[in-house]
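What follows is run-v3.txt (compact mmCIF, C-alpha atoms).
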```txt
# COMPACT_ATOMS: atom_id res chain seq x y z
CA MET A 1 21.58 40.16 -45.84
CA ALA A 2 18.06 40.00 -44.40
CA GLN A 3 16.89 39.41 -47.96
CA ALA A 4 19.23 36.42 -48.29
CA ILE A 5 18.10 34.96 -44.93
CA ALA A 6 14.45 35.37 -45.94
CA PHE A 7 15.15 33.74 -49.32
CA TYR A 8 16.88 30.71 -47.81
CA PHE A 9 14.17 30.31 -45.19
CA ILE A 10 11.40 30.45 -47.81
CA ALA A 11 13.30 28.18 -50.20
CA ALA A 12 13.85 25.64 -47.41
CA CYS A 13 10.13 25.75 -46.54
CA ILE A 14 9.16 25.26 -50.19
CA LEU A 15 11.45 22.24 -50.54
CA GLY A 16 10.41 20.82 -47.18
CA PHE A 17 6.70 21.03 -47.92
CA ALA A 18 7.29 19.66 -51.43
CA VAL A 19 8.94 16.60 -49.86
CA LEU A 20 5.96 16.26 -47.48
CA VAL A 21 3.57 16.47 -50.45
CA VAL A 22 5.09 13.40 -52.08
CA THR A 23 5.81 11.41 -48.91
CA THR A 24 2.53 11.86 -46.98
CA ARG A 25 0.35 8.77 -47.10
CA ASP A 26 -2.99 10.56 -46.88
CA THR A 27 -3.67 12.21 -50.23
CA VAL A 28 -5.83 14.96 -48.71
CA HIS A 29 -3.03 15.89 -46.30
CA SER A 30 -0.69 15.93 -49.25
CA VAL A 31 -2.94 18.47 -51.01
CA LEU A 32 -3.00 20.59 -47.83
CA PHE A 33 0.80 20.63 -47.79
CA LEU A 34 0.61 21.75 -51.40
CA VAL A 35 -1.42 24.78 -50.25
CA LEU A 36 1.38 25.69 -47.84
CA ASP A 37 3.88 25.20 -50.64
CA PHE A 38 1.96 27.59 -52.91
CA LEU A 39 1.74 30.16 -50.13
CA PHE A 40 5.51 30.10 -49.63
CA VAL A 41 6.00 30.49 -53.38
CA ALA A 42 3.81 33.61 -53.07
CA ALA A 43 6.13 34.82 -50.30
CA LEU A 44 9.04 34.29 -52.68
CA TYR A 45 7.30 36.48 -55.26
CA VAL A 46 6.84 39.20 -52.64
CA LEU A 47 10.56 39.00 -51.90
CA LEU A 48 11.25 39.54 -55.61
CA GLY A 49 9.04 42.63 -55.59
CA ALA A 50 6.30 41.04 -57.68
CA GLN A 51 3.31 41.76 -55.48
CA PHE A 52 0.74 41.29 -58.22
CA LEU A 53 2.09 37.84 -59.05
CA ALA A 54 2.06 36.98 -55.33
CA ALA A 55 -1.60 37.94 -55.01
CA ILE A 56 -2.44 35.90 -58.12
CA GLN A 57 -0.47 32.97 -56.78
CA VAL A 58 -2.60 32.99 -53.62
CA LEU A 59 -5.87 33.55 -55.50
CA VAL A 60 -5.44 31.10 -58.36
CA TYR A 61 -3.06 28.45 -57.05
CA ALA A 62 -3.71 28.31 -53.31
CA GLY A 63 -7.39 28.95 -53.99
CA GLY A 64 -8.59 27.59 -57.31
CA ILE A 65 -6.09 24.98 -58.41
CA VAL A 66 -6.08 23.31 -55.01
CA VAL A 67 -9.88 22.99 -55.10
CA LEU A 68 -9.45 21.25 -58.43
CA TYR A 69 -6.80 18.94 -56.95
CA LEU A 70 -9.07 18.10 -54.01
CA PHE A 71 -11.91 17.19 -56.35
CA VAL A 72 -9.57 14.99 -58.40
CA VAL A 73 -8.47 13.31 -55.16
CA MET A 74 -12.12 12.74 -54.28
CA LEU A 75 -12.86 11.37 -57.74
CA VAL A 76 -10.28 8.62 -57.79
CA ASN A 77 -10.63 5.52 -55.74
CA LEU A 78 -8.11 5.85 -52.93
CA LYS A 79 -9.03 2.61 -51.26
CA ARG A 80 -7.41 0.50 -53.94
CA PRO A 81 -5.85 -2.55 -52.30
CA PRO A 82 -2.07 -2.30 -52.01
CA GLU A 83 -1.50 -5.45 -54.02
CA ALA A 84 -2.64 -3.52 -57.10
CA HIS A 85 0.94 -2.27 -57.24
CA GLU A 86 3.07 -5.28 -58.09
CA ASP A 87 6.34 -3.88 -56.84
CA PRO A 88 6.57 -0.43 -55.22
CA HIS A 89 10.27 -0.14 -56.09
CA ARG A 90 9.78 -1.05 -59.72
CA ARG A 91 10.33 2.49 -60.96
CA THR A 92 12.98 3.52 -58.43
CA LYS A 93 15.82 3.08 -60.91
CA LEU A 94 13.98 5.11 -63.54
CA GLY A 95 13.30 7.86 -60.97
CA PHE A 96 16.94 8.05 -59.91
CA GLY A 97 17.98 8.09 -63.56
CA LEU A 98 15.67 10.99 -64.39
CA ALA A 99 16.69 12.91 -61.26
CA ALA A 100 20.37 12.44 -62.19
CA ALA A 101 19.66 13.68 -65.71
CA VAL A 102 17.93 16.83 -64.37
CA LEU A 103 20.78 17.44 -61.91
CA LEU A 104 23.32 17.08 -64.74
CA GLU A 105 21.32 19.49 -66.86
CA LEU A 106 21.12 22.08 -64.06
CA GLY A 107 24.85 21.75 -63.47
CA ALA A 108 25.54 22.20 -67.18
CA ILE A 109 23.36 25.33 -67.24
CA ALA A 110 25.13 26.74 -64.17
CA VAL A 111 28.57 26.07 -65.65
CA TYR A 112 27.59 27.45 -69.03
CA GLY A 113 26.08 30.53 -67.37
CA SER A 114 29.28 31.31 -65.45
CA VAL A 115 31.59 30.60 -68.41
CA ASN A 116 29.45 32.41 -70.92
CA PRO A 117 27.53 35.19 -69.15
CA ALA A 118 24.31 36.20 -70.81
CA ALA A 119 24.23 39.33 -72.92
CA PRO A 120 22.68 42.33 -71.15
CA MET A 121 18.95 42.49 -71.51
CA PRO A 122 17.76 44.68 -74.37
CA ALA A 123 16.37 47.93 -73.11
CA THR A 124 12.69 47.47 -72.32
CA PRO A 125 10.38 49.92 -74.02
CA ALA A 126 9.42 52.80 -71.79
CA ILE A 127 6.42 51.94 -69.62
CA PRO A 128 4.26 55.03 -69.15
CA VAL A 129 2.72 53.77 -65.91
CA SER A 130 4.03 53.19 -62.41
CA GLY A 131 3.10 50.52 -59.92
CA ASN A 132 3.50 46.78 -60.04
CA THR A 133 0.06 45.79 -61.31
CA GLU A 134 -0.03 48.67 -63.79
CA GLN A 135 3.32 47.69 -65.28
CA VAL A 136 2.30 44.05 -65.60
CA GLY A 137 -0.87 45.20 -67.30
CA TRP A 138 0.92 47.56 -69.65
CA LEU A 139 3.34 44.90 -70.87
CA LEU A 140 0.61 42.27 -71.11
CA TYR A 141 -1.76 44.44 -73.13
CA THR A 142 0.79 46.05 -75.46
CA SER A 143 3.97 44.00 -76.03
CA TYR A 144 2.47 40.61 -75.13
CA LEU A 145 -0.94 41.05 -76.69
CA ILE A 146 -0.85 37.87 -78.79
CA PRO A 147 0.11 35.58 -75.89
CA PHE A 148 -2.73 37.16 -73.92
CA GLU A 149 -5.28 36.39 -76.62
CA ILE A 150 -3.84 32.89 -77.03
CA ALA A 151 -4.36 32.41 -73.29
CA SER A 152 -8.09 32.80 -73.84
CA MET A 153 -7.95 30.06 -76.48
CA LEU A 154 -6.11 27.87 -73.98
CA LEU A 155 -8.82 28.50 -71.39
CA LEU A 156 -11.48 27.68 -73.98
CA VAL A 157 -9.75 24.40 -74.87
CA ALA A 158 -9.49 23.52 -71.16
CA MET A 159 -13.18 24.27 -70.63
CA ILE A 160 -14.37 22.23 -73.61
CA GLY A 161 -11.96 19.43 -72.75
CA ALA A 162 -13.27 19.19 -69.20
CA ILE A 163 -16.89 19.14 -70.39
CA VAL A 164 -16.22 16.50 -73.06
CA LEU A 165 -14.37 14.29 -70.57
CA ALA A 166 -16.92 14.68 -67.79
CA LYS A 167 -20.06 14.53 -69.91
CA ARG A 168 -19.50 10.89 -70.81
CA GLU A 169 -19.97 10.09 -67.14
CA LEU A 170 -22.96 12.32 -66.46
CA MET B 171 9.54 48.29 -49.17
CA LEU B 172 9.42 44.83 -47.61
CA SER B 173 8.74 46.39 -44.21
CA ALA B 174 5.20 46.96 -45.51
CA TYR B 175 4.72 43.20 -45.12
CA ILE B 176 5.48 43.17 -41.40
CA PRO B 177 1.75 43.39 -40.48
CA ILE B 178 1.05 40.43 -42.78
CA ALA B 179 3.90 38.47 -41.21
CA MET B 180 2.53 39.27 -37.75
CA PHE B 181 -0.93 38.21 -38.84
CA VAL B 182 0.40 34.88 -40.15
CA ALA B 183 2.42 34.36 -36.96
CA VAL B 184 -0.57 35.08 -34.70
CA ALA B 185 -2.90 32.86 -36.75
CA THR B 186 -0.45 29.94 -36.77
CA GLY B 187 0.44 30.47 -33.13
CA PHE B 188 -3.20 30.53 -32.07
CA ALA B 189 -3.94 27.28 -33.93
CA ILE B 190 -0.92 25.52 -32.41
CA PHE B 191 -1.62 26.96 -28.94
CA THR B 192 -5.26 25.82 -29.01
CA ILE B 193 -4.41 22.27 -30.01
CA VAL B 194 -1.49 21.87 -27.62
CA PHE B 195 -3.15 23.56 -24.66
CA SER B 196 -6.44 21.67 -24.94
CA ASN B 197 -4.47 18.46 -25.29
CA LEU B 198 -2.67 19.21 -22.04
CA LEU B 199 -5.85 20.20 -20.20
CA HIS B 200 -8.58 17.77 -21.18
CA PRO B 201 -9.02 14.37 -19.55
CA HIS B 202 -7.85 11.51 -21.75
CA LYS B 203 -10.83 9.18 -21.71
CA TYR B 204 -11.90 7.80 -25.06
CA ASN B 205 -14.77 5.68 -26.25
CA LYS B 206 -16.27 4.91 -29.63
CA VAL B 207 -18.66 7.89 -29.69
CA LYS B 208 -15.92 10.34 -28.81
CA LEU B 209 -13.78 9.24 -31.73
CA GLU B 210 -16.56 9.87 -34.25
CA PRO B 211 -16.39 13.06 -36.34
CA TYR B 212 -19.52 14.47 -34.70
CA GLU B 213 -20.73 13.65 -31.24
CA CYS B 214 -24.21 14.91 -32.05
CA GLY B 215 -26.24 14.78 -35.24
CA ILE B 216 -26.49 12.23 -37.99
CA GLU B 217 -24.34 9.16 -37.54
CA PRO B 218 -21.73 8.78 -40.29
CA ALA B 219 -22.76 6.03 -42.69
CA THR B 220 -19.56 5.58 -44.68
CA ASP B 221 -15.98 6.74 -44.70
CA ALA B 222 -15.46 10.39 -45.66
CA ARG B 223 -12.89 9.44 -48.30
CA ASP B 224 -15.42 8.15 -50.76
CA ARG B 225 -15.66 8.73 -54.49
CA TYR B 226 -17.64 11.83 -55.37
CA SER B 227 -19.67 12.61 -58.45
CA ILE B 228 -17.75 13.97 -61.42
CA ARG B 229 -20.08 16.99 -61.41
CA TYR B 230 -18.05 18.51 -58.59
CA TYR B 231 -14.96 18.26 -60.76
CA LEU B 232 -16.73 19.95 -63.65
CA VAL B 233 -17.88 22.81 -61.44
CA ALA B 234 -14.37 23.21 -60.00
CA MET B 235 -12.82 23.21 -63.47
CA LEU B 236 -15.23 25.88 -64.72
CA PHE B 237 -14.59 27.90 -61.56
CA VAL B 238 -10.82 27.84 -62.10
CA ILE B 239 -11.20 28.88 -65.74
CA PHE B 240 -13.38 31.87 -64.97
CA ASP B 241 -11.13 32.66 -62.00
CA VAL B 242 -8.17 32.95 -64.38
CA GLU B 243 -10.28 35.04 -66.74
CA THR B 244 -10.99 37.49 -63.90
CA VAL B 245 -7.30 37.58 -63.00
CA PHE B 246 -6.54 38.86 -66.50
CA MET B 247 -9.03 41.67 -65.97
CA PHE B 248 -7.30 43.12 -62.89
CA PRO B 249 -4.19 44.55 -64.61
CA TRP B 250 -6.40 45.58 -67.54
CA ALA B 251 -8.79 47.51 -65.33
CA VAL B 252 -6.09 49.52 -63.51
CA ILE B 253 -4.59 50.86 -66.76
CA PHE B 254 -7.77 51.02 -68.77
CA ASN B 255 -7.51 54.82 -69.01
CA LYS B 256 -4.17 54.55 -70.80
CA LEU B 257 -5.16 51.70 -73.08
CA ALA B 258 -8.39 53.41 -74.11
CA LEU B 259 -10.28 51.98 -77.09
CA PHE B 260 -7.49 49.57 -78.06
CA GLY B 261 -7.66 48.00 -74.61
CA LEU B 262 -11.42 47.72 -74.78
CA ILE B 263 -11.25 45.92 -78.13
CA GLU B 264 -8.59 43.44 -77.03
CA MET B 265 -10.50 42.61 -73.86
CA MET B 266 -13.68 42.19 -75.90
CA VAL B 267 -11.88 39.64 -78.13
CA PHE B 268 -10.64 37.85 -75.01
CA ILE B 269 -14.06 37.74 -73.41
CA PHE B 270 -15.77 36.75 -76.67
CA ILE B 271 -13.57 33.65 -76.99
CA LEU B 272 -14.47 32.68 -73.43
CA VAL B 273 -18.15 33.40 -73.95
CA VAL B 274 -18.04 30.81 -76.74
CA GLY B 275 -16.89 28.33 -74.11
CA TYR B 276 -19.54 29.53 -71.69
CA TYR B 277 -22.22 29.04 -74.36
CA TYR B 278 -20.88 25.55 -75.06
CA ALA B 279 -20.97 24.69 -71.35
CA TRP B 280 -24.50 26.03 -71.09
CA GLN B 281 -25.73 24.12 -74.15
CA LYS B 282 -24.14 20.90 -72.94
CA GLY B 283 -25.89 21.29 -69.59
CA ALA B 284 -22.65 21.46 -67.66
CA LEU B 285 -24.07 24.24 -65.51
CA GLU B 286 -27.14 22.25 -64.54
CA TRP B 287 -27.21 20.30 -61.32
CA VAL B 288 -29.60 17.44 -61.90
```
Would you mind writing the structure in this file as C-alpha cells?
Amino acid sequence: MAQAIAFYFIAACILGFAVLVVTTRDTVHSVLFLVLDFLFVAALYVLLGAQFLAAIQVLVYAGGIVVLYLFVVMLVNLKRPPEAHEDPHRRTKLGFGLAAAVLLELGAIAVYGSVNPAAPMPATPAIPVSGNTEQVGWLLYTSYLIPFEIASMLLLVAMIGAIVLAKREL
Amino acid sequence: MLSAYIPIAMFVAVATGFAIFTIVFSNLLHPHKYNKVKLEPYECGIEPATDARDRYSIRYYLVAMLFVIFDVETVFMFPWAVIFNKLALFGLIEMMVFIFILVVGYYYAWQKGALEWV
C-alpha cells in the first residue's frame, strides 16, 4: 500500500516535471527541471530495489548528462528573434498525430499483454554473489560480456564524434 | 528495506524546506525598495558587461562530453571492482579490453589537442 502511494507520488512528480521541462520558456530553467526529473527517476529505481541503478542515475544523469545539456544550451543562440519561427502551431497536428499513435501502441501492448500473458521468465543462472551492485556486476561481466565490450566501442565512437564535430570550430 | 531511506528522505525534506523557508522568510522581512543597482546580479565587484545567456566557446562542450564519457567508463568499474575476487583473471582481461578501447579514444583526443585549453 505504502509502496503504491510512493509509486504514484513519484510517477506524478516525474510527469509534472517533464511537462515543466517542455513548457518553461527559459531553457536553463528547463534543464534544472530536468535534474529534478532525473532525481525522481532515481527514487523510482530505489522503490524497485535497484539501488545501484539509482546511484548511477544520480551520478551520470543528474550529474554528467545535465552538464552536457547545459553546455549545449549555452552553445546555441537563444536570443533568436521570434519571427524566425513562421508559425508556432505549424507542427501541432503532427505532434497530436504522433502522440495518438504512441497512445494506440501502448493500448495495444496493454491489451495484448492481458489477453496473452507472457511466458514465465526462464530461470536465471545461479548468481554466486549477494548484494545489488555485486549481482549487477556478475551478470554484466559473465552473461552480458559482449554488450559490455560493445559499450566501450559506443563510448569511443561518441568521443571521436564529439572531437570531429567540435574541432572544425576550434 | 525501504525504511533505510528514511534518513535520506529527511535530508531531502530539510534541504528543500530550508531553501523555501529562506526565500519566503527573507521576502516577508526585507524592505521592498528597488533601484537599478539592486537588481543587478552583484551589488559589488565588476559590472556585468553583457547578458549571462550568451554563446559560449565550443571547448566547454568538448570538455563536458569527454567528462561524461570517462564518467560512464568509471561507472562500469564499480560493479567490476566489488566482484573482482570472483571474476579473477577473466575479469581482469575483460576490463583490460574495455579500457584499451577507451585509451584509443583518449590517445585520439590527446593527439587532436582536444585536451588543450588554448
Can you work out which residues from chain B touch chain A at a cut-off of 7 Å (counting all atoms listed in the file) and hand them back as a short mmCIF file (atom, residue, chain, number, x, y, z; two decimals) with C-alpha atoms, keeping the file's coordinate frame?
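Output file iface_7.cif follows:
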```cif
data_model
loop_
_atom_site.label_atom_id
_atom_site.label_comp_id
_atom_site.auth_asym_id
_atom_site.auth_seq_id
_atom_site.Cartn_x
_atom_site.Cartn_y
_atom_site.Cartn_z
CA ARG B 223 -12.89 9.44 -48.30
CA ASP B 224 -15.42 8.15 -50.76
CA ARG B 225 -15.66 8.73 -54.49
CA TYR B 226 -17.64 11.83 -55.37
CA SER B 227 -19.67 12.61 -58.45
CA ILE B 228 -17.75 13.97 -61.42
CA TYR B 230 -18.05 18.51 -58.59
CA TYR B 231 -14.96 18.26 -60.76
CA LEU B 232 -16.73 19.95 -63.65
CA ALA B 234 -14.37 23.21 -60.00
CA MET B 235 -12.82 23.21 -63.47
CA LEU B 236 -15.23 25.88 -64.72
CA VAL B 238 -10.82 27.84 -62.10
CA ILE B 239 -11.20 28.88 -65.74
CA ASP B 241 -11.13 32.66 -62.00
CA VAL B 242 -8.17 32.95 -64.38
CA PRO B 249 -4.19 44.55 -64.61
CA TRP B 250 -6.40 45.58 -67.54
CA VAL B 252 -6.09 49.52 -63.51
CA ILE B 253 -4.59 50.86 -66.76
CA PHE B 268 -10.64 37.85 -75.01
CA ILE B 271 -13.57 33.65 -76.99
CA LEU B 272 -14.47 32.68 -73.43
CA GLY B 275 -16.89 28.33 -74.11
CA ALA B 279 -20.97 24.69 -71.35
CA ALA B 284 -22.65 21.46 -67.66
#
```
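With atom CA of B:Met247 on one side and atom CA of B:Met265 on the other, the separation reads 8.1 Å.
The space between atom CA of B:Phe270 and atom CA of B:Ala251 spans 17.1 Å.
Atom CA of B:Val182 is positioned 18.9 Å from atom CA of A:Ala2.
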Just the residues within 12 Å of A:Leu20, please, counting all atoms listed in the file, with nothing from its chain fewer than 4 positions along; format it as a compact mmCIF listing (two decimals) with C-alpha atoms, in the frame of the given file.
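Result written to selection-v3.txt:
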```
# COMPACT_ATOMS: atom_id res chain seq x y z
CA CYS A 13 10.13 25.75 -46.54
CA ILE A 14 9.16 25.26 -50.19
CA LEU A 15 11.45 22.24 -50.54
CA GLY A 16 10.41 20.82 -47.18
CA THR A 24 2.53 11.86 -46.98
CA ARG A 25 0.35 8.77 -47.10
CA ASP A 26 -2.99 10.56 -46.88
CA THR A 27 -3.67 12.21 -50.23
CA VAL A 28 -5.83 14.96 -48.71
CA HIS A 29 -3.03 15.89 -46.30
CA SER A 30 -0.69 15.93 -49.25
CA VAL A 31 -2.94 18.47 -51.01
CA LEU A 32 -3.00 20.59 -47.83
CA PHE A 33 0.80 20.63 -47.79
CA LEU A 34 0.61 21.75 -51.40
CA VAL A 35 -1.42 24.78 -50.25
CA LEU A 36 1.38 25.69 -47.84
CA ASP A 37 3.88 25.20 -50.64
```
Six-sided padding of 4 Å per side, axis-aligned box over stretch 182-189 of chain B, centre and edges in Å, one decimal, as JSON:
```
{"center_x": -0.8, "center_y": 31.2, "center_z": -36.1, "size_x": 14.4, "size_y": 15.8, "size_z": 16.1}
```
Keeping C-alpha atoms (and nothing else), can you write stretch 57-169 of chain A of this structure as a compact mmCIF listing (two decimals), in the first residue's frame?
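Resulting contents of selection-v2.txt:
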```txt
# COMPACT_ATOMS: atom_id res chain seq x y z
CA GLN A 57 21.15 7.63 -12.32
CA VAL A 58 22.13 10.42 -9.92
CA LEU A 59 25.82 10.30 -10.84
CA VAL A 60 25.58 10.05 -14.62
CA TYR A 61 22.24 11.62 -15.50
CA ALA A 62 21.64 14.25 -12.81
CA GLY A 63 25.38 14.96 -12.78
CA GLY A 64 27.07 14.39 -16.12
CA ILE A 65 24.37 14.43 -18.76
CA VAL A 66 22.83 17.61 -17.37
CA VAL A 67 26.20 19.38 -17.55
CA LEU A 68 26.31 18.37 -21.20
CA TYR A 69 22.77 19.70 -21.73
CA LEU A 70 23.68 22.99 -20.07
CA PHE A 71 26.69 23.41 -22.34
CA VAL A 72 24.55 22.67 -25.39
CA VAL A 73 22.07 25.29 -24.17
CA MET A 74 24.93 27.76 -23.80
CA LEU A 75 26.25 26.92 -27.25
CA VAL A 76 23.12 27.65 -29.22
CA ASN A 77 21.89 31.13 -29.79
CA LEU A 78 18.85 31.52 -27.55
CA LYS A 79 18.21 35.11 -28.49
CA ARG A 80 16.94 34.24 -31.93
CA PRO A 81 14.12 36.63 -32.82
CA PRO A 82 10.69 35.03 -32.54
CA GLU A 83 9.85 35.71 -36.16
CA ALA A 84 12.39 33.03 -37.10
CA HIS A 85 9.57 30.58 -36.46
CA GLU A 86 7.00 31.20 -39.17
CA ASP A 87 4.08 29.62 -37.40
CA PRO A 88 4.40 28.16 -33.88
CA HIS A 89 1.40 25.88 -34.43
CA ARG A 90 2.68 24.51 -37.71
CA ARG A 91 3.61 21.14 -36.26
CA THR A 92 0.74 20.84 -33.77
CA LYS A 93 -1.20 18.43 -35.97
CA LEU A 94 1.87 16.26 -36.49
CA GLY A 95 2.52 16.24 -32.72
CA PHE A 96 -1.04 15.21 -31.91
CA GLY A 97 -0.86 12.53 -34.61
CA LEU A 98 2.34 11.06 -33.20
CA ALA A 99 1.03 11.22 -29.62
CA ALA A 100 -2.15 9.41 -30.73
CA ALA A 101 -0.06 6.75 -32.47
CA VAL A 102 2.03 6.17 -29.30
CA LEU A 103 -1.13 6.02 -27.16
CA LEU A 104 -2.67 3.49 -29.56
CA GLU A 105 0.50 1.42 -29.45
CA LEU A 106 0.60 1.45 -25.63
CA GLY A 107 -3.06 0.44 -25.52
CA ALA A 108 -2.41 -2.39 -27.97
CA ILE A 109 0.51 -3.62 -25.84
CA ALA A 110 -1.62 -3.47 -22.67
CA VAL A 111 -4.48 -5.37 -24.32
CA TYR A 112 -2.15 -7.92 -25.85
CA GLY A 113 -0.38 -8.37 -22.51
CA SER A 114 -3.62 -9.09 -20.65
CA VAL A 115 -5.03 -11.38 -23.37
CA ASN A 116 -1.79 -13.21 -23.95
CA PRO A 117 0.24 -13.20 -20.72
CA ALA A 118 3.96 -13.52 -21.17
CA ALA A 119 5.61 -16.88 -20.61
CA PRO A 120 7.35 -17.18 -17.24
CA MET A 121 10.90 -15.92 -17.30
CA PRO A 122 13.48 -18.62 -17.90
CA ALA A 123 15.33 -19.47 -14.74
CA THR A 124 18.28 -17.13 -14.37
CA PRO A 125 21.61 -18.82 -13.91
CA ALA A 126 22.66 -19.01 -10.29
CA ILE A 127 24.45 -15.86 -9.19
CA PRO A 128 27.19 -16.74 -6.70
CA VAL A 129 27.22 -13.29 -5.12
CA SER A 130 24.79 -11.35 -2.96
CA GLY A 131 24.09 -7.64 -2.90
CA ASN A 132 22.65 -5.35 -5.52
CA THR A 133 25.86 -3.99 -7.03
CA GLU A 134 27.55 -7.39 -6.92
CA GLN A 135 24.68 -9.06 -8.77
CA VAL A 136 24.62 -6.35 -11.44
CA GLY A 137 28.35 -6.81 -11.82
CA TRP A 138 28.15 -10.58 -12.01
CA LEU A 139 25.53 -10.54 -14.77
CA LEU A 140 27.30 -7.75 -16.65
CA TYR A 141 30.70 -9.43 -16.61
CA THR A 142 29.59 -13.00 -17.32
CA SER A 143 26.27 -13.31 -19.20
CA TYR A 144 26.35 -9.84 -20.78
CA LEU A 145 30.04 -9.63 -21.56
CA ILE A 146 29.66 -8.78 -25.25
CA PRO A 147 27.22 -5.89 -24.68
CA PHE A 148 29.67 -4.57 -22.08
CA GLU A 149 32.57 -4.59 -24.52
CA ILE A 150 30.35 -3.09 -27.22
CA ALA A 151 29.53 -0.29 -24.77
CA SER A 152 33.20 0.70 -24.81
CA MET A 153 33.06 0.90 -28.61
CA LEU A 154 29.99 3.11 -28.30
CA LEU A 155 31.84 5.39 -25.89
CA LEU A 156 34.79 5.51 -28.28
CA VAL A 157 32.52 6.47 -31.19
CA ALA A 158 30.90 9.18 -29.05
CA MET A 159 34.29 10.56 -28.05
CA ILE A 160 35.68 10.66 -31.60
CA GLY A 161 32.40 12.04 -32.92
CA ALA A 162 32.44 14.90 -30.43
CA ILE A 163 36.05 15.75 -31.24
CA VAL A 164 35.48 15.64 -35.01
CA LEU A 165 32.39 17.86 -34.71
CA ALA A 166 33.97 20.34 -32.33
CA LYS A 167 37.42 20.50 -33.91
CA ARG A 168 36.10 22.18 -37.05
CA GLU A 169 35.17 25.13 -34.86
```
